[in-house]
file coords08.pdb (PDB, C-alpha atoms)
MODEL        1
ATOM      1  CA  MET A   1      95.456 115.833 132.458
ATOM      2  CA  GLN A   2      97.319 117.024 135.534
ATOM      3  CA  CYS A   3      95.196 118.380 138.394
ATOM      4  CA  PRO A   4      96.099 122.040 139.066
ATOM      5  CA  TYR A   5      95.605 121.489 142.814
ATOM      6  CA  CYS A   6      97.366 118.225 143.694
ATOM      7  CA  LYS A   7      99.326 117.626 140.444
ATOM      8  CA  GLU A   8      98.037 114.041 140.109
ATOM      9  CA  GLN A   9      97.060 112.746 136.681
ATOM     10  CA  GLN A  10      94.048 110.682 137.654
ATOM     11  CA  ASP A  11      90.855 112.437 136.625
ATOM     12  CA  LYS A  12      87.443 111.831 135.168
ATOM     13  CA  VAL A  13      85.655 114.017 132.618
ATOM     14  CA  ILE A  14      82.233 114.971 134.020
ATOM     15  CA  ASP A  15      80.991 117.227 131.226
ATOM     16  CA  SER A  16      82.085 118.215 127.692
ATOM     17  CA  ARG A  17      80.656 121.059 125.624
ATOM     18  CA  ALA A  18      81.500 122.869 122.435
ATOM     19  CA  THR A  19      81.949 126.602 123.006
ATOM     20  CA  GLU A  20      82.933 129.655 120.991
ATOM     21  CA  GLY A  21      81.005 128.526 117.942
ATOM     22  CA  GLY A  22      82.310 124.965 118.086
ATOM     23  CA  SER A  23      85.982 125.936 117.832
ATOM     24  CA  VAL A  24      86.717 125.049 121.466
ATOM     25  CA  ILE A  25      85.742 122.121 123.678
ATOM     26  CA  ARG A  26      85.231 122.886 127.364
ATOM     27  CA  ARG A  27      85.645 119.942 129.731
ATOM     28  CA  ARG A  28      84.762 119.831 133.427
ATOM     29  CA  ARG A  29      87.012 117.356 135.201
ATOM     30  CA  HIS A  30      86.964 115.685 138.607
ATOM     31  CA  CYS A  31      90.309 114.735 140.179
ATOM     32  CA  LEU A  32      90.125 111.209 141.568
ATOM     33  CA  ALA A  33      93.032 111.881 143.933
ATOM     34  CA  CYS A  34      91.932 115.072 145.742
ATOM     35  CA  GLY A  35      88.258 115.247 144.709
ATOM     36  CA  ARG A  36      88.378 118.839 143.390
ATOM     37  CA  ARG A  37      86.913 119.962 140.081
ATOM     38  CA  TYR A  38      88.511 122.065 137.363
ATOM     39  CA  THR A  39      87.907 123.128 133.767
ATOM     40  CA  THR A  40      90.086 122.557 130.710
ATOM     41  CA  TYR A  41      89.744 123.849 127.150
ATOM     42  CA  GLU A  42      90.788 122.224 123.885
ATOM     43  CA  ARG A  43      91.522 124.264 120.778
ATOM     44  CA  VAL A  44      92.587 123.242 117.311
ATOM     45  CA  GLU A  45      96.290 123.963 117.018
ATOM     46  CA  THR A  46      96.279 126.353 114.093
ATOM     47  CA  SER A  47      98.542 128.880 115.741
ATOM     48  CA  SER A  48     101.720 126.823 115.352
ATOM     49  CA  LYS A  49     101.604 127.336 111.593
ATOM     50  CA  LEU A  50     101.377 131.103 111.858
ATOM     51  CA  LEU A  51     104.513 133.216 112.186
ATOM     52  CA  VAL A  52     104.635 136.725 113.628
ATOM     53  CA  VAL A  53     106.880 139.078 111.657
ATOM     54  CA  LYS A  54     108.523 141.486 114.092
ATOM     55  CA  LYS A  55     109.499 145.101 113.318
ATOM     56  CA  GLY A  56     113.106 144.077 112.695
ATOM     57  CA  GLY A  57     112.051 141.367 110.223
ATOM     58  CA  GLU A  58     112.666 138.344 112.446
ATOM     59  CA  ARG A  59     109.948 135.701 112.595
ATOM     60  CA  GLU A  60     108.686 133.707 115.542
ATOM     61  CA  PRO A  61     105.735 131.335 116.001
ATOM     62  CA  TYR A  62     102.489 132.935 117.162
ATOM     63  CA  GLU A  63     101.776 132.047 120.794
ATOM     64  CA  ARG A  64      98.406 132.692 122.394
ATOM     65  CA  GLU A  65     100.017 132.524 125.841
ATOM     66  CA  LYS A  66     102.400 135.357 125.004
ATOM     67  CA  LEU A  67      99.484 137.579 123.989
ATOM     68  CA  PHE A  68      97.631 136.609 127.177
ATOM     69  CA  SER A  69     100.596 137.499 129.398
ATOM     70  CA  SER A  70     100.890 140.936 127.777
ATOM     71  CA  LEU A  71      97.173 141.520 128.428
ATOM     72  CA  GLN A  72      97.603 140.395 132.037
ATOM     73  CA  ARG A  73     100.447 142.884 132.502
ATOM     74  CA  ALA A  74      98.362 145.682 130.989
ATOM     75  CA  CYS A  75      95.394 144.837 133.241
ATOM     76  CA  TYR A  76      97.419 144.254 136.429
ATOM     77  CA  LYS A  77      95.353 145.244 139.510
ATOM     78  CA  LEU A  78      92.413 146.290 137.326
ATOM     79  CA  PRO A  79      88.977 144.678 137.712
ATOM     80  CA  HIS A  80      89.023 142.515 134.564
ATOM     81  CA  SER A  81      88.466 138.769 134.678
ATOM     82  CA  VAL A  82      90.530 136.135 132.924
ATOM     83  CA  GLU A  83      87.432 135.406 130.820
ATOM     84  CA  THR A  84      87.375 139.021 129.595
ATOM     85  CA  LEU A  85      91.026 138.824 128.570
ATOM     86  CA  GLN A  86      90.456 135.454 126.902
ATOM     87  CA  SER A  87      87.522 136.872 124.944
ATOM     88  CA  ILE A  88      89.725 139.725 123.685
ATOM     89  CA  ILE A  89      92.258 137.167 122.482
ATOM     90  CA  ASP A  90      89.483 135.067 120.913
ATOM     91  CA  GLU A  91      88.287 138.099 118.934
ATOM     92  CA  VAL A  92      91.829 138.962 117.840
ATOM     93  CA  GLU A  93      92.528 135.352 116.824
ATOM     94  CA  GLU A  94      89.293 135.097 114.881
ATOM     95  CA  ASP A  95      90.287 138.152 112.879
ATOM     96  CA  LEU A  96      93.901 136.967 112.651
ATOM     97  CA  PHE A  97      93.166 133.502 111.253
ATOM     98  CA  ARG A  98      90.589 134.891 108.855
ATOM     99  CA  ARG A  99      93.040 137.403 107.323
ATOM    100  CA  PHE A 100      96.422 135.658 107.450
ATOM    101  CA  GLU A 101      97.529 132.159 106.524
ATOM    102  CA  ARG A 102     101.255 131.950 107.201
ATOM    103  CA  GLU A 103     102.616 135.264 108.470
ATOM    104  CA  VAL A 104     101.135 138.165 110.394
ATOM    105  CA  PRO A 105     102.870 141.494 111.065
ATOM    106  CA  SER A 106     103.337 142.181 114.776
ATOM    107  CA  SER A 107     101.788 145.603 114.110
ATOM    108  CA  PHE A 108      98.477 143.894 113.245
ATOM    109  CA  LEU A 109      98.435 142.136 116.622
ATOM    110  CA  GLY A 110      99.357 145.332 118.471
ATOM    111  CA  ASP A 111      96.673 147.371 116.687
ATOM    112  CA  ALA A 112      94.000 144.717 117.232
ATOM    113  CA  VAL A 113      94.729 144.429 120.956
ATOM    114  CA  SER A 114      95.079 148.218 121.371
ATOM    115  CA  ARG A 115      91.661 148.900 119.835
ATOM    116  CA  ARG A 116      89.969 146.442 122.169
ATOM    117  CA  LEU A 117      91.833 147.612 125.282
ATOM    118  CA  ARG A 118      91.036 151.234 124.448
ATOM    119  CA  LYS A 119      87.318 150.369 124.623
ATOM    120  CA  LEU A 120      87.692 148.192 127.726
ATOM    121  CA  ASP A 121      89.934 150.274 129.973
ATOM    122  CA  LYS A 122      91.937 153.446 129.315
ATOM    123  CA  VAL A 123      94.585 152.648 131.938
ATOM    124  CA  ALA A 124      95.148 149.150 130.528
ATOM    125  CA  TYR A 125      95.363 150.700 127.068
ATOM    126  CA  LEU A 126      98.046 153.189 128.208
ATOM    127  CA  ARG A 127     100.062 150.416 129.819
ATOM    128  CA  PHE A 128      99.866 148.305 126.659
ATOM    129  CA  ALA A 129     100.569 151.310 124.423
ATOM    130  CA  SER A 130     103.652 152.220 126.436
ATOM    131  CA  VAL A 131     105.286 149.028 125.173
ATOM    132  CA  TYR A 132     103.572 148.697 121.789
ATOM    133  CA  LEU A 133     103.958 152.343 120.726
ATOM    134  CA  GLU A 134     107.358 152.520 122.452
ATOM    135  CA  LEU A 135     106.455 155.552 124.552
ATOM    136  CA  ARG A 136     109.767 156.584 126.080
ATOM    137  CA  LEU A 137     109.269 160.146 127.303
ATOM    138  CA  VAL A 138     106.795 161.488 129.829
ATOM    139  CA  ASP A 139     105.558 163.881 127.126
ATOM    140  CA  ASP A 140     104.620 160.874 124.966
ATOM    141  CA  PHE A 141     102.490 159.455 127.792
ATOM    142  CA  ILE A 142     100.851 162.817 128.413
ATOM    143  CA  GLU A 143     100.032 163.243 124.732
ATOM    144  CA  GLU A 144      98.497 159.759 124.513
ATOM    145  CA  ALA A 145      96.490 160.369 127.709
ATOM    146  CA  ARG A 146      95.212 163.671 126.277
ATOM    147  CA  ASN A 147      94.115 161.814 123.140
ATOM    148  CA  LEU A 148      92.119 159.466 125.373
ATOM    149  CA  GLN A 149      90.599 162.411 127.249
ATOM    150  CA  GLY A 150      89.644 164.001 123.949
ATOM    151  CA  GLU A 151      87.756 160.850 122.969
ATOM    152  CA  ASP A 152      85.765 160.969 126.208
ATOM    153  CA  LYS A 153      84.857 164.629 125.681
ATOM    154  CA  ASP A 154      83.679 163.921 122.128
ATOM    155  CA  VAL A 155      81.305 161.245 123.408
ATOM    156  CA  GLN A 156      79.997 163.509 126.166
ATOM    157  CA  GLY A 157      79.471 166.351 123.693
ATOM    158  CA  GLN A 158      77.319 164.104 121.533
ATOM    159  CA  GLN A 159      74.888 163.627 124.397
ATOM    160  CA  GLU A 160      74.122 167.349 124.396
ATOM    161  CA  LEU A 161      72.758 167.052 120.837
ATOM    162  CA  PHE A 162      69.907 164.882 122.089
ATOM    163  CA  GLN A 163      68.785 167.029 124.991
ATOM    164  CA  ASP A 164      65.661 169.221 124.640
ATOM    165  CA  GLU A 165      66.198 172.922 124.972
TER     166      GLU A 165
ENDMDL
END

call {"tool": "encode", "arguments": {"input": "coords08.pdb", "output": "structure tokens"}}
result
Amino acid sequence: MQCPYCKEQQDKVIDSRATEGGSVIRRRRHCLACGRRYTTYERVETSSKLLVVKKGGEREPYEREKLFSSLQRACYKLPHSVETLQSIIDEVEEDLFRRFEREVPSSFLGDAVSRRLRKLDKVAYLRFASVYLELRLVDDFIEEARNLQGEDKDVQGQQELFQDE
């Protein structure tokens, strides 16, 4: 494994643990060249068998990294950790691999990520939706933002039901 700091390939594994229900192995490593520590993760490579069917009908291999980069773009300059984004992808993948064996529609991925981003952060959701829903006009953005505002008002209105008069 190449050290992310000095790029040398001399390291020693200090600790190994199963995480995420045993589907991932987390390893703490110590670089023998520069002395720094870093963490790596091992996953079973099931994603290479799965193809994403795009809107136009073309197929491409599912790539976790591609999903992660789209989440990073949506959450740019927002206070969400890499671990939070990874956990969103873990949830989506768990659902994905449970439901589909060979091919998954890109709309499934977009919907799954959208639902989770909508709960996490409204701004990140709007950024993601602008690409996923192909929002082209300012009116489209305004309408989607109003839908989000309407959700917030519904939740606030429910609180009034529980207050004593």

call {"tool": "atom_distance", "arguments": {"input": "coords08.pdb", "atom1": "CA of Ala124 (chain A)", "atom2": "CA of Ser106 (chain A)"}}
result
19.1 Å

call {"tool": "residues_around", "arguments": {"input": "coords08.pdb", "residues": "Asp90 (chain A)", "least_positions_apart": "5", "cutoff": "9 Å", "atoms": "only C-alpha atoms", "output": "ChimeraX atom specification"}}
result
/A:20,85,95

call {"tool": "write_last_selection", "arguments": {"input": "coords08.pdb", "atoms": "C-alpha atoms", "output": "PDB file, in the frame of the given file"}}
result
ATOM      1  CA  GLU A  20      82.933 129.655 120.991  1.00  0.00           C
ATOM      2  CA  LEU A  85      91.026 138.824 128.570  1.00  0.00           C
ATOM      3  CA  ASP A  95      90.287 138.152 112.879  1.00  0.00           C
TER       4      ASP A  95
END

call {"tool": "resolve_selection", "arguments": {"input": "coords08.pdb", "expression": "the PyMOL selection byres ((chain A and resi 65-70) around 9)", "output": "MDAnalysis selection string"}}
result
chainID A and resid 62:64 71:75 85:86 89 109 113 128

call {"tool": "atom_distance", "arguments": {"input": "coords08.pdb", "atom1": "CA of Ser107 (chain A)", "atom2": "CA of His80 (chain A)"}}
result
24.3 Å

call {"tool": "residues_around", "arguments": {"input": "coords08.pdb", "residues": "Val123 (chain A)", "least_positions_apart": "6", "cutoff": "12 Å", "atoms": "all atoms listed in the file", "output": "list in words"}}
result
Leu71, Arg73, Ala74, Cys75, Tyr76, Lys77, Leu78, Pro79, His80, Ser114, Leu117, Ala129, Ser130, Phe141, Glu144, Ala145, Leu148 and Gln149 of chain A

call {"tool": "residues_around", "arguments": {"input": "coords08.pdb", "residues": "Arg37 (chain A)", "least_positions_apart": "5", "cutoff": "12 Å", "atoms": "only C-alpha atoms", "output": "ChimeraX atom specification"}}
result
/A:2-6,10-15,27-32

call {"tool": "closest_residue", "arguments": {"input": "coords08.pdb", "among": "A:Lys122, A:Arg136, A:Arg127, A:Arg102", "to": "Leu50 (chain A)", "atoms": "all atoms listed in the file"}}
result
A:Arg102

call {"tool": "atom_distance", "arguments": {"input": "coords08.pdb", "atom1": "CA of Pro61 (chain A)", "atom2": "CA of Val131 (chain A)"}}
result
19.9 Å

call {"tool": "closest_residue", "arguments": {"input": "coords08.pdb", "among": "A:Met1, A:Gly22, A:Arg115, A:Cys34", "to": "Glu91 (chain A)", "atoms": "only C-alpha atoms"}}
result
A:Arg115

call {"tool": "closest_residue", "arguments": {"input": "coords08.pdb", "among": "A:Leu96, A:Ile88, A:Ala18, A:Ile142", "to": "Leu126 (chain A)", "atoms": "only C-alpha atoms"}}
result
A:Ile142

call {"tool": "residues_around", "arguments": {"input": "coords08.pdb", "residues": "Lys49 (chain A)", "least_positions_apart": "3", "cutoff": "12 Å", "atoms": "only C-alpha atoms", "output": "number ranges by chain"}}
result
A: 44-46, 52, 59-63, 97, 100-104

call {"tool": "closest_residue", "arguments": {"input": "coords08.pdb", "among": "A:Glu8, A:Asp111, A:Glu58, A:Glu143", "to": "Ala33 (chain A)", "atoms": "all atoms listed in the file"}}
result
A:Glu8

call {"tool": "closest_residue", "arguments": {"input": "coords08.pdb", "among": "A:Gly57, A:Ser16, A:Tyr125, A:Val82", "to": "Tyr41 (chain A)", "atoms": "all atoms listed in the file"}}
result
A:Ser16
